[in-house]
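Let me begin by presenting the structure, written as structure tokens, before commenting on it.
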Amino acid sequence: MNSKRRFFQSALGALCVGTLLSPRTLLAQPTWRPSRPITITVPYSPGGGVDTLARLAAKELSRIYGQSVVIENNPGADGLIGSRKVSEAKPDGHSLLIQIPSLTLNAHLPGFKGIDPATQLMPISVVATLYGVIVAHPAVPGNSLAEVFAACKNALQPCSFGTTEAVARLQGQKIAQDVPNLVVVNYKGGGQLTPDLLGNNVNIAFMGYTAVVPHVKAGRVKVIATVGPRRLPVLPDAPTTRESGYPQLESETWYGLFAPLGTPQPIIDSIAVAVREATKAEDFQKGVANLGGILGGNTPAEFAEMVKLAMDRHAALVKQFPIR
């Protein structure tokens with residue numbers, strides 16, 4: 001059994017003590033409150049989905065706790081730099097990380113060295129679940145995945161596929177099986193990728209809807225497909241990847257809070273309760289709805305299981321589609 005599975009099994013065991021009757025029993029009476037401002041590290045650049053959700057959550061957590069909650073963007077290396085920073089922070093509840101399933105792919109990235117931060121973090125709760133979109137510059141021929149991919153196959157120059165995190169890079173490698181001349185270009189975040197997409201310097205991109213919504217509405221970018229299991233209410237005319245004949249591209253993206261390994265359980269539980277309370281706030285619900293997302297607020301044990309499933313799934317996928 002590898003170290004990651006051992007970690008999550010032990011984490012699940014610790015988190016589930018006393019929850020045989022109800023997985024939410026541990027969260028009934030939180031006993032911890034922050035004594036100073038909380039910092040939530042966003043390991044991606046400003047302007048993307050992770051940053052947007054982090055700020056929505058920070059506003060409500062600040063209200064609930066009566067303490068400032070500061071957002072600190074620390075992008076680089078597919079989220080590895082910011083994730084590692086939090087994993088090495090003091091485990092006292094005042095340094096948190098918001099991450100997506102790409103966290104579980106860090107150890108599979110080219111040139112990875114050192115300790116995998118995924119093994120040094122404790123899952124707290126999902127803030128929300130969002131579904132990405134595959135978009136293209138309007139100059140790219142075609143309005144469906146099949147048409148766009150066919151145009152790329154027949155193009156004199158290779159098509160470029162922009163991504164902002166490791167799971168999207170994995171999706172790009174899947175697409176490259178059907179489109180051999182596809183070049184996957186990775187960016188630090190949506191804030192860097194979007195200008196290149198608008199200028200057609202990158203032709204196609206896998207992005208969070210929040211990063212492109214104003215450009216979609218203005219007609220500067222076209223949505224080719226959504227990657228979730230169902231159509232987004234905010235994009236009712238955009239088919240899913242499954243409807244488009246590419247079920248292998250279907251995925252969902254949870255956005256969750258983590259604390260450094262060793263953080264006391266009462267702190268983990270308290271923050272999970274606060275996240276659940278945040279999801280009840282009208283402004284937070286409107287913000288998530290505008291992104292086409294689903295509200296979070298699950299328990300640490302439930303979130304730990306989601307992380308473990310993502311880790312196992314991605315470990316299997318990278319063997320078939322190595323990230324380059």
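By order of appearance in the structure tokens: chains A, B, ..., then residues from 1 within every chain, and ligands from 1 in the order shown.
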Would you kindly return, as number ranges by chain, each protein, DNA or RNA residue with an atom no farther than 9 Å from any atom of region 156-162 of chain A, considering only C-alpha atoms and excluding same-chain residues fewer than 6 positions away? A: 168-169, 172, 179-187, 193, 196-197, 201-207
The selected residues should be written to file as a PDB file, in the first residue's frame (atoms: C-alpha atoms).
```
ATOM      1  CA  ALA A 168      -6.895  20.130 -17.693  1.00  0.00           C
ATOM      2  CA  ARG A 169      -3.441  19.091 -18.921  1.00  0.00           C
ATOM      3  CA  GLY A 172      -5.417  17.766 -23.184  1.00  0.00           C
ATOM      4  CA  VAL A 179      -5.742  15.142 -32.578  1.00  0.00           C
ATOM      5  CA  PRO A 180      -2.042  14.219 -32.868  1.00  0.00           C
ATOM      6  CA  ASN A 181      -0.901  17.734 -33.826  1.00  0.00           C
ATOM      7  CA  LEU A 182      -2.491  19.311 -30.738  1.00  0.00           C
ATOM      8  CA  VAL A 183      -0.022  21.288 -28.632  1.00  0.00           C
ATOM      9  CA  VAL A 184      -0.947  21.572 -24.935  1.00  0.00           C
ATOM     10  CA  VAL A 185       0.118  24.915 -23.432  1.00  0.00           C
ATOM     11  CA  ASN A 186      -0.087  25.304 -19.667  1.00  0.00           C
ATOM     12  CA  TYR A 187      -0.668  28.649 -17.931  1.00  0.00           C
ATOM     13  CA  LEU A 193      -4.663  32.281 -20.459  1.00  0.00           C
ATOM     14  CA  ASP A 196      -4.033  34.710 -25.312  1.00  0.00           C
ATOM     15  CA  LEU A 197      -7.367  33.042 -26.045  1.00  0.00           C
ATOM     16  CA  ASN A 201      -2.660  33.005 -29.717  1.00  0.00           C
ATOM     17  CA  VAL A 202      -4.108  29.847 -28.192  1.00  0.00           C
ATOM     18  CA  ASN A 203      -6.974  28.360 -30.195  1.00  0.00           C
ATOM     19  CA  ILE A 204      -8.836  26.146 -27.738  1.00  0.00           C
ATOM     20  CA  ALA A 205      -8.894  26.064 -23.951  1.00  0.00           C
ATOM     21  CA  PHE A 206     -10.184  24.074 -21.018  1.00  0.00           C
ATOM     22  CA  MET A 207     -11.257  26.625 -18.405  1.00  0.00           C
TER      23      MET A 207
END
```
Could you give me, as JSON lines, a per-residue list for region 123-191 of chain A showing, wherever an atom lies at most 12 Å from an atom of region 106-119 of chain A, the closest pair of atoms and their distance in Å to one decimal, using only C-alpha atoms and sorting by chain then residue number from low to high?
```
{"residue": "A:Pro123", "atom": "CA", "partner": "A:Ala118", "partner_atom": "CA", "distance": 9.5}
{"residue": "A:Glu165", "atom": "CA", "partner": "A:Asn106", "partner_atom": "CA", "distance": 9.9}
{"residue": "A:Ala166", "atom": "CA", "partner": "A:Asn106", "partner_atom": "CA", "distance": 7.6}
{"residue": "A:Val167", "atom": "CA", "partner": "A:Asn106", "partner_atom": "CA", "distance": 9.9}
{"residue": "A:Arg169", "atom": "CA", "partner": "A:Leu109", "partner_atom": "CA", "distance": 9.9}
{"residue": "A:Leu170", "atom": "CA", "partner": "A:Leu109", "partner_atom": "CA", "distance": 10.2}
{"residue": "A:Asn186", "atom": "CA", "partner": "A:Leu109", "partner_atom": "CA", "distance": 11.9}
```
Same residues, C-alpha atoms, saved as an mmCIF file, in the first residue's frame:
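Listed below is the output, out-v8.cif:
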```
data_model
loop_
_atom_site.group_PDB
_atom_site.id
_atom_site.type_symbol
_atom_site.label_atom_id
_atom_site.label_comp_id
_atom_site.auth_asym_id
_atom_site.auth_seq_id
_atom_site.Cartn_x
_atom_site.Cartn_y
_atom_site.Cartn_z
ATOM 1 C CA PRO A 123 -9.310 18.046 3.931
ATOM 2 C CA GLU A 165 -4.082 23.251 -14.063
ATOM 3 C CA ALA A 166 -2.977 19.628 -14.071
ATOM 4 C CA VAL A 167 -6.375 17.967 -14.605
ATOM 5 C CA ARG A 169 -3.441 19.091 -18.921
ATOM 6 C CA LEU A 170 -4.525 15.488 -18.476
ATOM 7 C CA ASN A 186 -0.087 25.304 -19.667
#
```
Could you list, as a short mmCIF file (atom, residue, chain, number, x, y, z; two decimals) with N, CA and C atoms, in the first residue's frame, every residue within 9 Å of region 128-132 of chain A, counting only C-alpha atoms and ignoring same-chain residues fewer than 5 positions away?
```cif
data_model
loop_
_atom_site.label_atom_id
_atom_site.label_comp_id
_atom_site.auth_asym_id
_atom_site.auth_seq_id
_atom_site.Cartn_x
_atom_site.Cartn_y
_atom_site.Cartn_z
N GLY A 49 -11.45 30.72 -11.50
CA GLY A 49 -12.52 30.18 -10.67
C GLY A 49 -12.11 29.94 -9.24
N LEU A 53 -14.05 31.83 -6.12
CA LEU A 53 -14.72 31.11 -5.03
C LEU A 53 -14.05 31.36 -3.69
N PHE A 206 -9.37 24.72 -22.05
CA PHE A 206 -10.18 24.07 -21.02
C PHE A 206 -10.12 25.01 -19.82
N MET A 207 -11.27 25.60 -19.44
CA MET A 207 -11.26 26.62 -18.40
C MET A 207 -12.48 26.52 -17.52
N GLY A 208 -12.40 27.18 -16.38
CA GLY A 208 -13.58 27.36 -15.56
C GLY A 208 -14.46 28.42 -16.19
N TYR A 209 -15.75 28.24 -16.09
CA TYR A 209 -16.68 29.16 -16.75
C TYR A 209 -16.49 30.59 -16.26
N THR A 210 -16.19 30.74 -14.97
CA THR A 210 -16.09 32.08 -14.40
C THR A 210 -15.04 32.94 -15.11
N ALA A 225 -18.26 22.97 -25.50
CA ALA A 225 -18.91 21.94 -24.68
C ALA A 225 -18.64 22.21 -23.21
N THR A 226 -19.51 21.68 -22.37
CA THR A 226 -19.28 21.69 -20.93
C THR A 226 -18.87 20.28 -20.51
N VAL A 227 -18.07 20.17 -19.45
CA VAL A 227 -17.50 18.87 -19.13
C VAL A 227 -18.23 18.14 -18.00
N GLY A 228 -19.27 18.74 -17.45
CA GLY A 228 -20.01 18.09 -16.37
C GLY A 228 -21.00 17.06 -16.88
N PRO A 229 -21.67 16.37 -15.95
CA PRO A 229 -22.62 15.32 -16.34
C PRO A 229 -23.93 15.84 -16.91
N LEU A 232 -25.14 23.14 -18.10
CA LEU A 232 -25.14 24.19 -17.10
C LEU A 232 -26.35 25.10 -17.29
N SER A 251 -15.82 15.45 -16.45
CA SER A 251 -15.19 15.58 -15.14
C SER A 251 -15.92 16.63 -14.33
N GLU A 252 -15.67 16.64 -13.03
CA GLU A 252 -16.19 17.68 -12.16
C GLU A 252 -15.05 18.21 -11.32
N THR A 253 -15.20 19.43 -10.90
CA THR A 253 -14.12 20.08 -10.14
C THR A 253 -14.64 20.56 -8.80
N TRP A 254 -14.20 19.90 -7.73
CA TRP A 254 -14.53 20.42 -6.40
C TRP A 254 -13.50 21.48 -6.02
N TYR A 255 -13.96 22.46 -5.27
CA TYR A 255 -13.11 23.53 -4.75
C TYR A 255 -13.20 23.41 -3.24
N GLY A 256 -12.11 22.98 -2.61
CA GLY A 256 -12.19 22.67 -1.19
C GLY A 256 -11.11 23.32 -0.37
N THR A 279 -22.36 28.51 3.11
CA THR A 279 -23.14 28.10 1.94
C THR A 279 -24.62 28.45 2.07
N VAL A 288 -22.32 31.40 -6.38
CA VAL A 288 -22.10 30.05 -6.90
C VAL A 288 -23.06 29.76 -8.06
N LEU A 291 -22.00 31.04 -11.30
CA LEU A 291 -20.92 30.25 -11.88
C LEU A 291 -21.40 28.90 -12.39
N GLY A 292 -22.70 28.64 -12.23
CA GLY A 292 -23.24 27.36 -12.64
C GLY A 292 -22.82 26.23 -11.73
N GLY A 293 -22.51 26.55 -10.46
CA GLY A 293 -21.97 25.56 -9.54
C GLY A 293 -23.00 24.96 -8.59
N ILE A 294 -22.50 24.02 -7.80
CA ILE A 294 -23.29 23.33 -6.78
C ILE A 294 -22.69 23.64 -5.43
N LEU A 295 -23.51 23.99 -4.46
CA LEU A 295 -23.03 24.35 -3.14
C LEU A 295 -22.33 23.19 -2.45
N GLY A 296 -21.30 23.50 -1.67
CA GLY A 296 -20.59 22.50 -0.89
C GLY A 296 -21.08 22.47 0.54
N GLY A 297 -20.13 22.28 1.47
CA GLY A 297 -20.49 22.24 2.88
C GLY A 297 -20.50 20.85 3.48
#
```
Members of region 108-290 of chain A assigned helix (DSSP H, G or I) by DSSP, as a count of residues only: 72
For each of A:Ala155, A:Val133, A:Ala272, A:Val70, take the minimum atom-to-atom distance to Val213 (chain A), counting only C-alpha atoms, then give the residue where this is smallest. A:Val133
